[in-house]
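Okay, so here's the structure we're looking at.
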Number of protein chains: 2
Amino acid sequence: MKVYNFSAGPAMLPEEVMLRAQKEFCDYDGSDCGIMELSHRGSQFSKVIETAEENVRELMNVSNDYSVCFIQGGASMQFCMIPMNLLPAGGVADYADTGTWSAKAIKEAKRFGQVNIVGSSKESNYDRIPVIRHWKPTPDAAYLHITSNNTVAGTQYHAFPPVPESVPLIADMSSDFMSRVVNVDDFGLIYGGAQKNLGPSGVALVIIRNDLTTRIPDSIPTMLRYDTYVNNGSMFNTPPTFAVYMLKLVTDWLKEKGGLQVIEEINDAKSDALYNLLNTSDFYRSPVDPGSRSRMNVVFRLPSEELEAKFVKDAAANGMIGLKGHRSVGGIRASIYNAMPLAGVEQLIDFMINFEKKNG
Amino acid sequence: MKVYNFSAGPAMLPEEVMLRAQKEFCDYDGSDCGIMELSHRGSQFSKVIETAEENVRELMNVSNDYSVCFIQGGASMQFCMIPMNLLPAGGVADYADTGTWSAKAIKEAKRFGQVNIVGSSKESNYDRIPVIRHWKPTPDAAYLHITSNNTVAGTQYHAFPPVPESVPLIADMSSDFMSRVVNVDDFGLIYGGAQKNLGPSGVALVIIRNDLTTRIPDSIPTMLRYDTYVNNGSMFNTPPTFAVYMLKLVTDWLKEKGGLQVIEEINDAKSDALYNLLNTSDFYRSPVDPGSRSRMNVVFRLPSEELEAKFVKDAAANGMIGLKGHRSVGGIRASIYNAMPLAGVEQLIDFMINFEKKNG
């Protein structure tokens with residue numbers, strides 16, 4: 001049975017990518033060695049990491065004012081690297097609070113300086129992105145940090161907050177990186193773990209405006225400094241070579257699909273289909289404010305927790321796995337990242353209609 | 001042509017491991033998903049990381065006084081995590097200086113406190129492990145740090161320095177982890193990047209005595225604290241799942257081979273064969289003091305740099321790659337980690353004998 005994996009991440013990767021990686025797993029480019037067995041300083045891997053960077057630059061239209069870095073530790077490591085590098089002593093960092101992941105980022109920033117919460121949707125259980133025009137930004141903030149998509153709550157920014165030129169906008173895009181067109185020039189730093197849209201876990205993609213790497217305090221350790229990655233092409237030490245290779249294959253695939261505008265249209269079609277069903281159903285219900293609904297993680301509720309448990313179980317028996325909502329909120333969550341084909345969403349919708357008929 | 005890869009790392013992995021990972025790359029355990037596509041919280045990956053830990057404990061006879069952690073960032077990240085966690089303000093850390101990698105560890109430690117170099121072989125170009133009985137340790141050092149094997153210089157500790165009970169011995173075993181029997185109880189912390197003996201790059205194995213995780217300053221960020229990994233089974237955030245899976249397969253393989261005593265005998269046979277040739281040759285020459293020679297990285301010189309370049313080129317044409325010495329020292333380096341079969345070393349020796357006949 002063909003299985004569709006709706007996990008929030010690590011998540012399914014494009015089938016073509018997985019098959020290609022499997023085919024050349026033990027013999028990369030005629031070397032009789034796997035890419036993971038080859039030196040990171042050798043010609044084969046150098047070409048892989050350079051192409052990965054070129055792909056990112058091309059797909060996201062990244063100018064030479066920015067560096068593209070591959071860093072270990074996931075988005076969670078960025079939660080501390082950002083304030084260590086960019087929040088000077090006595091400075092204030094602005095954070096928007098949109099749930100679990102922003103809370104973790106805020107916790108780490110507080111170790112290094114003052115944090116101002118510009119806006120929060122905590123009072124409504126993070127069911128929306130807090131209305132940006134009501135935010136209270138710090139005029140001379142070191143930066144403004146947002147979480148562009150929230151996997152637990154199922155919310156997503158559909159417009160980004162305006163910032164003064166002196167305030168870099170920083171976005172954790174872990175769960176919607178390269179799922180849509182964004183204007184990189186609007187940001188000072190964009191980061192995200194690869195394991196939703198870009199590849200396996202074990203590498204974070206960081207796009208940073210070069211001027212931000214010139215004011216890093218000398219006291220910050222080598223491996224936690226952005227300039228270490230910028231100045232050494234992410235090769236100060238051995239990078240996670242296989243994860244970077246997978247990211248290269250995934251971005252090759254994105255280019256072949258036609259780039260981010262095409263993938264955004266597909267992602268819109270996939271999420272529209274699901275939200276249309278939720279909007280017209282008396283059985284399924286979205287807990288998320290219509291203006292903030294995520295196109296990556298579609299969360300919904302059924303009339304009872306018993307029915308939700310049955311839904312998850314029956315779906316798995318029908319080849320649709322990973323649909324259980326985050327343990328902190330319950331319910332159902334369908335994560336439909338770039339690699340989830342429309343056919344997978346259609347199969348889920350058919351299943352949902354049938355499930356309602358039988359149990360509604 | 002069968003290729004033998006003598007790279008210093010990332011290095012060759014056992015053929016059986018590579019073939020098994022390839023076979024189940026797209027369909028792990030009947031899931032129709034690759035292990036890298038599955039949630040790290042799911043039953044399949046949970047079993048993988050638990051087995052990886054059990055394998056490490058069994059192979060190295062790790063008692064319950066220690067925790068086994070999987071951490072991103074390689075050994076280089078440990079260079080800063082160790083002093084951040086274990087060097088208190090005003091304390092002194094002892095370091096032995098045996099070349100490139102200890103120098104990098106020392107550089108990071110100096111950011112956090114006073115460093116005392118207990119011994120160094122810098123004056124003789126790091127051609128040996130400095131004689132331990134001449135070391136000048138700090139009586140109340142926070143810890144004593146050594147690099148058990150030095151990939152650049154081709155040196156290795158064949159006995160470890162004694163320490164008072166109050167001083168934890170810390171070893172960077174990146175390039176000889178699980179290549180021989182060591183008594184874990186002699187150490188406070190052992191760490192190493194996986195990409196030589198244990199798996200692909202992207203994960204470091206850290207074995208830490210539990211009492212050392214109780215005195216970490218509150219100010220250290222979550223992702224840089226050992227207790228975060230100890231208290232969450234290395235799953236505070238998404239671990240590098242595929243790298244951990246590969247480490248699990250490699251440690252399965254080590255167990256099947258018979259464990260570390262058996263692998264140590266094989267490694268001794270491999271390195272003995274090469275050193276015997278160097279000892280009896282007028283053409284090849286080891287620059288390393290006989291008592292400090294590495295059983296993992298056998299470095300040697302030829303009569304001229306021209307001959308060394310020809311050696312590397314001819315060897316590659318005969319299916320033996322990665323033999324060029326580190327760029328900082330030149331010469332030849334044959335890295336013969338656990339996964340290098342005796343047959344690979346025998347083929348290299350045959351080639352060396354023929355090369356000498358033709359060019360000597």
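Just remember, in the structure tokens the first chain shown is A, the second B, etc., residues are 1-based per chain, and ligands are 1-based in the order shown.
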
I want to know what sits within 6 Å of segment 315-322 of chain A, based on only C-alpha atoms, with residues of the same chain fewer than 4 positions away left out; could you give that as a PDB file with C-alpha atoms, in the first residue's frame?
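Everything below was put into part38.pdb:
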ATOM      1  CA  VAL A   3       1.628   5.367   2.397  1.00  0.00           C
ATOM      2  CA  TYR A   4       1.120   9.129   2.757  1.00  0.00           C
ATOM      3  CA  ASN A   5       2.967  10.524   5.728  1.00  0.00           C
ATOM      4  CA  PHE A   6       1.327  13.605   7.246  1.00  0.00           C
ATOM      5  CA  SER A   7       3.928  13.965  10.032  1.00  0.00           C
ATOM      6  CA  PHE A 311      -9.944   8.905  12.883  1.00  0.00           C
TER       7      PHE A 311
END

Output as an NGL selection string the set of chain B residues within 7 Å of chain A, with distances taken over only C-alpha atoms. :B and (2-3 or 7 or 9-13 or 18 or 22 or 25-26 or 32 or 36-40 or 72-73 or 76-77 or 80 or 108 or 111 or 200-202 or 219 or 221 or 223 or 237-241)

Backbone-only DSSP, strand (DSSP E or B) members of segment 86-204 of chain A, as a PyMOL selection string: chain A and resi 92-97+114-120+144-147+149-150+155-156+169-172+189-193+204

For N, CA and C atoms, I'd like the residues from the last selection saved as a tab-separated table (two decimals), in the first residue's frame.
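Below is the file that was written, out-v9.tsv:
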chain	number	residue	atom	x	y	z
A	92	VAL	N	17.48	45.66	23.46
A	92	VAL	CA	16.15	45.06	23.58
A	92	VAL	C	15.85	44.31	22.28
A	93	ALA	N	15.37	43.10	22.41
A	93	ALA	CA	14.94	42.34	21.24
A	93	ALA	C	13.42	42.19	21.27
A	94	ASP	N	12.79	42.45	20.13
A	94	ASP	CA	11.34	42.30	20.03
A	94	ASP	C	10.98	40.89	19.53
A	95	TYR	N	10.02	40.28	20.17
A	95	TYR	CA	9.55	38.95	19.76
A	95	TYR	C	8.03	38.96	19.69
A	96	ALA	N	7.49	38.35	18.65
A	96	ALA	CA	6.05	38.08	18.61
A	96	ALA	C	5.82	36.69	19.18
A	97	ASP	N	4.79	36.55	19.99
A	97	ASP	CA	4.52	35.28	20.68
A	97	ASP	C	3.34	34.58	20.01
A	114	GLN	N	17.19	42.05	27.21
A	114	GLN	CA	15.79	42.32	27.48
A	114	GLN	C	14.94	41.91	26.29
A	115	VAL	N	13.82	41.27	26.56
A	115	VAL	CA	12.91	40.85	25.49
A	115	VAL	C	11.59	41.62	25.65
A	116	ASN	N	11.14	42.19	24.55
A	116	ASN	CA	9.84	42.85	24.54
A	116	ASN	C	8.89	42.04	23.66
A	117	ILE	N	7.77	41.61	24.25
A	117	ILE	CA	6.78	40.86	23.46
A	117	ILE	C	5.91	41.88	22.73
A	118	VAL	N	6.07	41.97	21.43
A	118	VAL	CA	5.35	43.01	20.67
A	118	VAL	C	3.88	42.68	20.51
A	119	GLY	N	3.58	41.40	20.54
A	119	GLY	CA	2.19	40.98	20.37
A	119	GLY	C	2.09	39.51	20.70
A	120	SER	N	0.92	39.08	21.14
A	120	SER	CA	0.75	37.68	21.52
A	120	SER	C	-0.70	37.27	21.30
A	144	LEU	N	13.54	42.23	15.32
A	144	LEU	CA	12.18	41.74	15.59
A	144	LEU	C	12.11	40.29	15.10
A	145	HIS	N	11.71	39.41	16.00
A	145	HIS	CA	11.69	37.98	15.68
A	145	HIS	C	10.26	37.46	15.56
A	146	ILE	N	10.00	36.75	14.47
A	146	ILE	CA	8.69	36.10	14.30
A	146	ILE	C	8.89	34.62	13.93
A	147	THR	N	7.83	33.85	14.12
A	147	THR	CA	7.80	32.46	13.70
A	147	THR	C	6.78	32.40	12.56
A	149	ASN	N	5.49	30.28	10.53
A	149	ASN	CA	4.44	29.24	10.51
A	149	ASN	C	4.54	28.46	11.82
A	150	ASN	N	3.39	28.16	12.40
A	150	ASN	CA	3.37	27.53	13.71
A	150	ASN	C	2.76	26.15	13.61
A	155	THR	N	-1.06	27.97	12.58
A	155	THR	CA	-1.20	29.35	12.10
A	155	THR	C	0.00	29.74	11.25
A	156	GLN	N	-0.19	30.79	10.45
A	156	GLN	CA	0.87	31.23	9.54
A	156	GLN	C	0.68	32.72	9.24
A	169	LEU	N	14.39	42.24	10.54
A	169	LEU	CA	13.31	41.28	10.78
A	169	LEU	C	13.91	39.87	10.69
A	170	ILE	N	13.68	39.09	11.71
A	170	ILE	CA	14.22	37.72	11.77
A	170	ILE	C	13.05	36.75	11.80
A	171	ALA	N	13.09	35.74	10.94
A	171	ALA	CA	11.98	34.80	10.89
A	171	ALA	C	12.46	33.36	11.01
A	172	ASP	N	11.85	32.65	11.92
A	172	ASP	CA	11.97	31.19	11.98
A	172	ASP	C	11.00	30.64	10.95
A	189	LEU	N	17.45	38.14	8.73
A	189	LEU	CA	17.88	36.74	8.90
A	189	LEU	C	16.66	35.84	8.79
A	190	ILE	N	16.81	34.77	8.01
A	190	ILE	CA	15.77	33.75	7.90
A	190	ILE	C	16.44	32.42	8.25
A	191	TYR	N	15.76	31.61	9.05
A	191	TYR	CA	16.37	30.32	9.40
A	191	TYR	C	15.31	29.25	9.52
A	192	GLY	N	15.78	28.02	9.49
A	192	GLY	CA	14.85	26.92	9.71
A	192	GLY	C	15.55	25.58	9.67
A	193	GLY	N	15.08	24.66	10.49
A	193	GLY	CA	15.52	23.27	10.38
A	193	GLY	C	15.04	22.71	9.05
A	204	ALA	N	20.33	23.07	9.62
A	204	ALA	CA	19.47	24.24	9.53
A	204	ALA	C	20.00	25.14	8.42

Any idea what the distance is between atom CA of Lys358 of chain A and atom CA of Arg285 of chain A? 17.2 Å

Figure out the distance between atom CA of Ser292 of chain A and atom CA of Arg57 of chain A, please, to one decimal in Å.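 A separation of 28.1 Å between them.
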
Correct to one decimal, the distance atom CA of Tyr284 of chain B-atom CA of Lys313 of chain B is 16.6 Å
